[in-house]
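> Data file work26.cif (mmCIF, C-alpha atoms) is appended below.
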data_query
loop_
_atom_site.label_atom_id
_atom_site.label_comp_id
_atom_site.auth_asym_id
_atom_site.auth_seq_id
_atom_site.Cartn_x
_atom_site.Cartn_y
_atom_site.Cartn_z
CA ARG A 192 82.92 93.36 25.22
CA ILE A 193 84.90 90.58 23.55
CA GLU A 194 88.41 90.07 24.88
CA GLY A 195 90.89 90.64 22.10
CA ALA A 196 88.46 92.22 19.64
CA THR A 197 90.28 95.55 19.84
CA SER A 198 93.63 94.35 21.21
CA ASP A 199 96.93 94.07 19.35
CA ASP A 200 97.57 90.91 21.38
CA TRP A 201 95.09 89.08 19.14
CA THR A 202 94.85 88.51 15.39
CA ASP A 203 92.39 90.15 13.04
CA TRP A 204 89.08 88.35 12.45
CA HIS A 205 88.93 85.55 9.90
CA TRP A 206 85.33 85.34 8.62
CA TYR A 207 83.10 82.93 6.72
CA THR A 208 79.54 83.34 5.38
CA THR A 209 77.09 80.81 3.98
CA VAL A 210 73.35 80.45 3.32
CA VAL A 211 71.49 77.59 5.00
CA ASN A 212 68.13 76.51 3.60
CA THR A 213 66.32 75.56 6.78
CA ASN A 214 64.71 77.24 9.77
CA CYS A 215 67.33 78.88 12.01
CA ARG A 216 65.99 77.00 15.03
CA GLU A 217 67.76 73.91 13.71
CA ILE A 218 71.22 75.36 14.37
CA ILE A 219 70.24 76.40 17.90
CA ASP A 220 69.63 72.74 18.77
CA ASN A 221 73.43 72.27 18.67
CA VAL A 222 73.66 74.05 22.03
CA VAL A 223 72.42 70.87 23.74
CA ASP A 224 73.58 68.25 21.22
CA MET A 225 76.54 66.55 22.90
CA ALA A 226 76.60 63.50 20.59
CA HIS A 227 77.38 65.43 17.40
CA PHE A 228 80.70 66.70 18.79
CA PHE A 229 82.12 63.18 18.46
CA TYR A 230 80.85 62.48 14.96
CA ILE A 231 81.05 65.98 13.46
CA HIS A 232 83.76 67.87 15.36
CA GLY A 233 86.12 65.03 16.30
CA SER A 234 85.85 65.54 20.06
CA LEU A 235 85.24 63.27 23.04
CA PRO A 236 83.27 65.36 25.57
CA THR A 237 84.40 64.85 29.16
CA GLN A 238 82.06 67.51 30.57
CA PHE A 239 78.87 68.88 29.03
CA LYS A 240 76.60 71.31 30.83
CA ASN A 241 73.92 73.83 29.85
CA ILE A 242 72.61 76.87 31.71
CA PHE A 243 69.70 78.94 30.36
CA GLU A 244 68.77 82.16 32.11
CA GLY A 245 67.09 85.30 30.82
CA HIS A 246 68.20 85.96 27.25
CA VAL A 247 71.42 83.90 27.57
CA ALA A 248 71.91 80.19 26.83
CA THR A 249 75.36 78.78 27.67
CA GLN A 250 77.08 75.53 26.85
CA TYR A 251 80.08 74.46 28.96
CA MET A 252 82.14 71.72 27.37
CA ASN A 253 85.51 70.12 28.03
CA SER A 254 86.70 67.47 25.63
CA SER A 255 89.63 65.26 24.79
CA GLY A 256 90.92 64.63 21.31
CA ARG A 257 90.19 61.51 19.29
CA PRO A 258 93.34 59.35 19.01
CA ASP A 259 91.97 57.74 15.83
CA LEU A 260 92.11 61.07 13.99
CA GLY A 261 95.27 62.70 12.65
CA GLU A 262 98.47 61.09 11.47
CA PRO A 263 101.30 59.70 13.67
CA GLY A 264 104.14 62.14 14.18
CA GLU A 265 101.99 65.24 13.85
CA THR A 266 101.26 67.51 16.77
CA GLN A 267 98.21 65.97 18.39
CA MET A 268 95.17 67.84 19.66
CA LEU A 269 94.68 66.81 23.29
CA GLY A 270 91.25 68.42 23.58
CA THR A 271 89.36 71.66 23.99
CA THR A 272 87.88 73.87 26.69
CA SER A 273 84.81 75.81 25.61
CA VAL A 274 82.30 78.24 27.12
CA ALA A 275 79.82 79.18 24.38
CA SER A 276 76.91 81.56 25.02
CA TYR A 277 74.06 82.72 22.83
CA TYR A 278 73.18 86.30 23.75
CA GLY A 279 69.69 86.47 22.35
CA PRO A 280 68.40 84.46 19.41
CA SER A 281 71.25 84.71 16.94
CA PHE A 282 74.64 85.81 18.36
CA MET A 283 76.99 83.35 20.03
CA ILE A 284 80.41 84.02 21.56
CA ASP A 285 82.62 80.99 22.25
CA ASP A 286 85.68 81.32 24.48
CA LEU A 287 87.47 78.32 23.01
CA THR A 288 90.93 76.94 23.82
CA TYR A 289 92.52 74.20 21.71
CA HIS A 290 94.99 72.11 23.73
CA TYR A 291 97.85 70.56 21.74
CA THR A 292 100.84 68.50 22.87
CA ASP A 293 103.16 71.50 22.58
CA ILE A 294 100.94 74.60 22.91
CA ASP A 295 97.49 75.95 23.80
CA HIS A 296 95.72 78.10 21.22
CA HIS A 297 93.38 80.62 22.88
CA THR A 298 90.63 81.66 20.48
CA ILE A 299 87.35 83.53 20.37
CA LEU A 300 84.76 82.20 17.96
CA ILE A 301 81.67 84.16 16.90
CA ASN A 302 78.70 82.41 15.33
CA CYS A 303 75.80 84.59 14.23
CA HIS A 304 72.89 84.38 11.83
CA TYR A 305 69.91 86.27 10.50
CA PRO A 306 66.80 84.86 8.81
CA ILE A 307 66.05 85.38 5.14
CA ASP A 308 62.61 83.81 5.45
CA ALA A 309 60.96 81.00 7.43
CA ASN A 310 63.05 78.36 5.66
CA SER A 311 66.47 79.94 5.17
CA PHE A 312 69.07 82.05 6.98
CA VAL A 313 72.54 83.53 6.53
CA LEU A 314 75.16 81.98 8.82
CA GLN A 315 78.32 83.95 9.59
CA TYR A 316 81.20 82.87 11.80
CA GLY A 317 84.64 84.23 12.57
CA ILE A 318 87.66 83.51 14.73
CA ILE A 319 90.53 85.38 16.35
CA VAL A 320 93.61 83.81 17.98
CA LYS A 321 95.71 85.17 20.83
CA LYS A 322 99.34 85.86 19.99
CA SER A 323 102.18 84.76 22.29
CA ASP A 324 105.96 84.38 22.36
CA ALA A 325 105.46 80.96 20.81
CA LEU A 326 102.89 82.35 18.38
CA PRO A 327 104.05 85.70 16.90
CA ALA A 328 101.79 87.81 14.72
CA GLU A 329 102.25 86.15 11.32
CA LEU A 330 102.13 82.61 12.72
CA ALA A 331 99.13 83.53 14.89
CA MET A 332 97.23 84.70 11.81
CA GLN A 333 98.15 81.50 9.96
CA THR A 334 96.87 79.59 12.98
CA ALA A 335 93.63 81.60 12.95
CA ILE A 336 93.11 80.71 9.28
CA GLY A 337 93.95 77.04 9.90
CA LEU A 338 91.67 76.75 12.93
CA GLY A 339 89.03 78.76 11.09
CA ASP A 340 89.16 76.29 8.21
CA PHE A 341 88.86 73.44 10.73
CA VAL A 342 85.82 75.12 12.31
CA LYS A 343 84.44 75.77 8.80
CA MET A 344 84.63 72.07 8.02
CA GLY A 345 82.61 71.28 11.14
CA PHE A 346 80.06 74.01 10.43
CA GLU A 347 79.64 72.76 6.87
CA GLN A 348 78.84 69.31 8.27
CA ASP A 349 76.40 70.93 10.72
CA VAL A 350 74.82 72.74 7.76
CA GLN A 351 74.38 69.47 5.83
CA ILE A 352 72.64 67.98 8.85
CA GLY A 353 70.41 71.05 9.13
CA ARG A 354 69.52 70.93 5.46
CA ASN A 355 68.33 67.35 5.86
CA LYS A 356 66.58 67.68 9.22
CA ALA A 357 62.81 67.46 9.35
CA ARG A 358 61.26 70.04 11.66
CA ILE A 359 59.63 68.08 14.50
CA ASP A 360 58.17 70.15 17.32
CA ASN A 361 57.80 67.24 19.77
CA PRO A 362 60.71 64.87 19.06
CA LEU A 363 61.06 61.54 20.85
CA LEU A 364 64.35 61.80 22.77
CA CYS A 365 66.77 59.39 24.38
CA GLU A 366 68.55 60.03 27.67
CA GLU A 367 71.66 61.62 26.17
CA ASP A 368 69.91 63.97 23.72
CA GLY A 369 70.09 66.80 26.25
CA PRO A 370 67.44 69.37 27.22
CA VAL A 371 66.04 69.98 23.72
CA TYR A 372 62.57 70.93 24.96
CA GLN A 373 63.93 73.37 27.55
CA LEU A 374 66.22 74.98 24.96
CA ARG A 375 63.37 75.43 22.51
CA ARG A 376 61.22 76.88 25.29
CA TRP A 377 64.03 79.38 26.03
CA TYR A 378 64.28 80.20 22.30
CA GLU A 379 60.53 80.77 22.02
CA GLN A 380 60.82 84.02 24.01
CA PHE A 381 62.28 85.67 20.89
CA TYR A 382 59.24 84.74 18.79
CA VAL A 383 56.50 86.16 20.99
CA ALA A 384 55.59 89.68 22.11
CA ALA A 385 57.40 90.86 25.25
CA ALA A 386 54.12 90.77 27.17
CA ASP A 387 53.74 87.07 26.29
CA VAL A 388 57.13 85.92 27.59
CA THR A 389 56.44 83.42 30.38
CA PRO A 390 58.65 82.59 33.39
CA ASP A 391 59.52 79.13 32.07
CA MET A 392 61.16 80.78 29.04
CA VAL A 393 63.55 82.89 31.12
CA ASP A 394 63.92 81.23 34.55
CA ARG A 395 67.33 79.75 35.30
CA PHE A 396 67.65 76.15 34.13
CA GLU A 397 70.73 73.92 34.55
CA PHE A 398 71.41 70.49 33.10
CA GLU A 399 74.60 68.43 33.01
CA ILE A 400 74.97 65.16 31.12
CA ASP A 401 76.93 62.32 32.69
CA THR A 402 79.53 61.69 29.99
CA THR A 403 80.87 58.44 31.48
CA GLN A 404 78.85 55.88 29.51
CA PRO A 405 78.79 57.80 26.20
CA ARG A 406 82.55 58.21 26.43
CA GLU A 407 83.06 54.49 27.10
CA ARG A 408 80.94 53.55 24.08
CA ARG A 409 82.69 56.01 21.79
CA MET A 410 86.13 54.90 22.95
CA LYS A 411 85.21 51.43 21.69
CA GLU A 412 84.51 53.00 18.29
CA VAL A 413 87.86 54.80 18.46
CA GLU A 414 89.70 51.58 19.32
CA ALA A 415 87.98 49.76 16.46
CA ASN A 416 89.01 52.54 14.06
CA ILE A 417 92.63 52.34 15.25
CA GLU A 418 92.67 48.54 14.82
CA ALA A 419 91.21 48.90 11.31
CA LYS A 420 93.87 51.46 10.38
CA ALA A 421 96.64 49.18 11.71
CA ALA A 422 95.28 46.20 9.77
CA LYS A 423 95.06 48.26 6.58
CA ALA A 424 98.64 49.48 7.03
CA ALA A 425 99.87 45.94 7.65
CA ASN A 426 98.26 44.74 4.44
CA ALA A 427 99.46 47.66 2.33
#
Do you think you could lay out the structure here as structure tokens?

Amino acid sequence: RIEGATSDDWTDWHWYTTVVNTNCREIIDNVVDMAHFFYIHGSLPTQFKNIFEGHVATQYMNSSGRPDLGEPGETQMLGTTSVASYYGPSFMIDDLTYHYTDIDHHTILINCHYPIDANSFVLQYGIIVKKSDALPAELAMQTAIGLGDFVKMGFEQDVQIGRNKARIDNPLLCEEDGPVYQLRRWYEQFYVAAADVTPDMVDRFEFEIDTTQPRERRMKEVEANIEAKAAKAANA
């Protein structure tokens, strides 16, 4: 049961649908892909952990905002707290909180898909936002649409990556790529007969990436972007 799905304390769902011309396994890889959150979703992960067990694959992520994004004077996004779980091969529920300087927006994001054929699938995703004294009904719905459009922008970038990915069953990985092989092994259980599901597909597996060095490297990129913006403004 999804908290808020039938409660007046939350907004109605705001939905999006698109067709992606690639194998649906490519979107599942995002469960372990920490690096793309910086470049695609504008986040600096401070914690990134995966747990696979049975038919559920979960991503735990805390992040801070990127100070090189957004304009001065606007309300700044401080970061996010996310617990996102795939229940089976194609239905993800993300308990996602956006932390801003003046308010927290509690949201539930659904991401689901179904295959059309071996090389295409329909991707659907929707969001609801919790109302509060600071976020009455009309404003909460506007927030749901605004955050939904922000999520849509990130998904569209994910889709472009997926459309240009080559399917490689045994990729060469670096240390921070995450447990790609273990995730694909978990996902394989949905493509074999029940009698052929092996323990390594469903046994509990945990993996947490040390975000210290990646964060230090990406902060240097952020600082360089800020310096470039300041130089451009000074020369304007």
> Tell me, in Å to one decimal, how far atom CA of A:Phe282 is from atom CA of A:Ile301.
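For atom CA of A:Phe282 relative to atom CA of A:Ile301, the distance reads 7.4 Å.
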> For the atom pair atom CA of A:Glu366 and atom CA of A:Arg409, what is the interatomic distance in Å to one decimal place?
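Computing the Euclidean distance for atom CA of A:Glu366 and atom CA of A:Arg409 yields 15.8 Å.
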> Mind listing whatever residues come within 12 Å of the point (97.6, 84.6, 11.0)? Use only C-alpha atoms, file coordinates, and give them as an MDAnalysis selection string.
chainID A and resid 201:205 318:322 326:339
> Rank nothing, just name the residue among A:Val222, A:Ile231, A:Ile400, A:Ile193 nearest to A:Phe341, using only C-alpha atoms.
A:Ile231
> If you measure from atom CA of A:Gly245 to atom CA of A:Thr271, what distance in Å do you get, rounded to one decimal?
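Going from atom CA of A:Gly245 over to atom CA of A:Thr271 covers 27.0 Å.
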> Once the PyMOL selection byres ((chain A and resi 349-356) around 7) has been applied to the shown file, what residues remain in the selection, as a list of chain:residue names?
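This file, filtered by the PyMOL selection byres ((chain A and resi 349-356) around 7), leaves A:Val211, A:Asn212, A:Thr213, A:Glu217, A:Ile218, A:Gly345, A:Phe346, A:Glu347, A:Gln348, A:Ala357, A:Arg358.
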> For this file, the PyMOL selection byres ((chain A and resi 379) around 10) selects which residues, as a PyMOL selection string?
chain A and resi 216+280+373-378+380-383+388-389+392-393
> To box stretch 212-225 of chain A, take all atoms listed in the file, fit an axis-aligned box, add 6 Å on each side, and give centre and edge lengths in Å to one decimal, as AutoDock Vina command-line options.

--center_x 70.6 --center_y 72.7 --center_z 13.7 --size_x 23.8 --size_y 24.3 --size_z 32.1
> Please return stretch 193-213 of chain A, rebuilt to N, CA, C and O atoms, as a compact mmCIF listing (two decimals), keeping the file's coordinate frame.

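Result file is out27.txt:
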# COMPACT_ATOMS: atom_id res chain seq x y z
N ILE A 193 84.18 91.80 23.85
CA ILE A 193 84.90 90.58 23.55
C ILE A 193 86.40 90.79 23.77
O ILE A 193 87.00 91.69 23.18
N GLU A 194 86.97 89.96 24.63
CA GLU A 194 88.41 90.07 24.88
C GLU A 194 89.16 89.86 23.57
O GLU A 194 88.92 88.92 22.83
N GLY A 195 90.06 90.77 23.28
CA GLY A 195 90.89 90.64 22.10
C GLY A 195 90.33 91.28 20.84
O GLY A 195 91.06 91.44 19.86
N ALA A 196 89.05 91.68 20.86
CA ALA A 196 88.46 92.22 19.64
C ALA A 196 89.11 93.52 19.21
O ALA A 196 89.15 93.84 18.01
N THR A 197 89.63 94.27 20.16
CA THR A 197 90.28 95.55 19.84
C THR A 197 91.72 95.59 20.35
O THR A 197 92.29 96.66 20.51
N SER A 198 92.30 94.42 20.62
CA SER A 198 93.63 94.35 21.21
C SER A 198 94.66 93.89 20.19
O SER A 198 94.40 92.98 19.39
N ASP A 199 95.84 94.48 20.23
CA ASP A 199 96.93 94.07 19.35
C ASP A 199 97.50 92.71 19.75
O ASP A 199 98.32 92.15 19.02
N ASP A 200 97.09 92.20 20.93
CA ASP A 200 97.57 90.91 21.38
C ASP A 200 96.86 89.75 20.68
O ASP A 200 97.21 88.59 20.90
N TRP A 201 95.85 90.10 19.86
CA TRP A 201 95.09 89.08 19.14
C TRP A 201 95.15 89.37 17.64
O TRP A 201 95.43 90.48 17.22
N THR A 202 94.85 88.34 16.84
CA THR A 202 94.85 88.51 15.39
C THR A 202 93.62 89.29 14.94
O THR A 202 92.71 89.56 15.72
N ASP A 203 93.61 89.65 13.66
CA ASP A 203 92.39 90.15 13.04
C ASP A 203 91.39 89.00 12.90
O ASP A 203 91.75 87.82 12.98
N TRP A 204 90.12 89.36 12.63
CA TRP A 204 89.08 88.35 12.45
C TRP A 204 89.24 87.64 11.11
O TRP A 204 89.60 88.25 10.10
N HIS A 205 88.98 86.35 11.13
CA HIS A 205 88.93 85.55 9.90
C HIS A 205 87.49 85.06 9.78
O HIS A 205 87.01 84.30 10.62
N TRP A 206 86.78 85.50 8.71
CA TRP A 206 85.33 85.34 8.62
C TRP A 206 84.90 84.40 7.49
O TRP A 206 85.57 84.29 6.47
N TYR A 207 83.74 83.78 7.71
CA TYR A 207 83.10 82.93 6.72
C TYR A 207 81.61 83.27 6.69
O TYR A 207 81.02 83.63 7.71
N THR A 208 80.98 83.10 5.53
CA THR A 208 79.54 83.34 5.38
C THR A 208 78.95 82.27 4.46
O THR A 208 79.56 81.90 3.46
N THR A 209 77.78 81.77 4.82
CA THR A 209 77.09 80.81 3.98
C THR A 209 75.58 80.95 4.18
O THR A 209 75.13 81.52 5.18
N VAL A 210 74.81 80.47 3.23
CA VAL A 210 73.35 80.45 3.32
C VAL A 210 72.89 79.03 3.62
O VAL A 210 73.37 78.07 2.99
N VAL A 211 72.00 78.89 4.59
CA VAL A 211 71.49 77.59 5.00
C VAL A 211 69.98 77.57 4.74
O VAL A 211 69.25 78.44 5.22
N ASN A 212 69.55 76.58 3.99
CA ASN A 212 68.13 76.51 3.60
C ASN A 212 67.33 75.65 4.58
O ASN A 212 66.89 74.54 4.26
N THR A 213 67.17 76.17 5.78
CA THR A 213 66.32 75.56 6.78
C THR A 213 65.96 76.62 7.80
O THR A 213 66.50 77.73 7.77
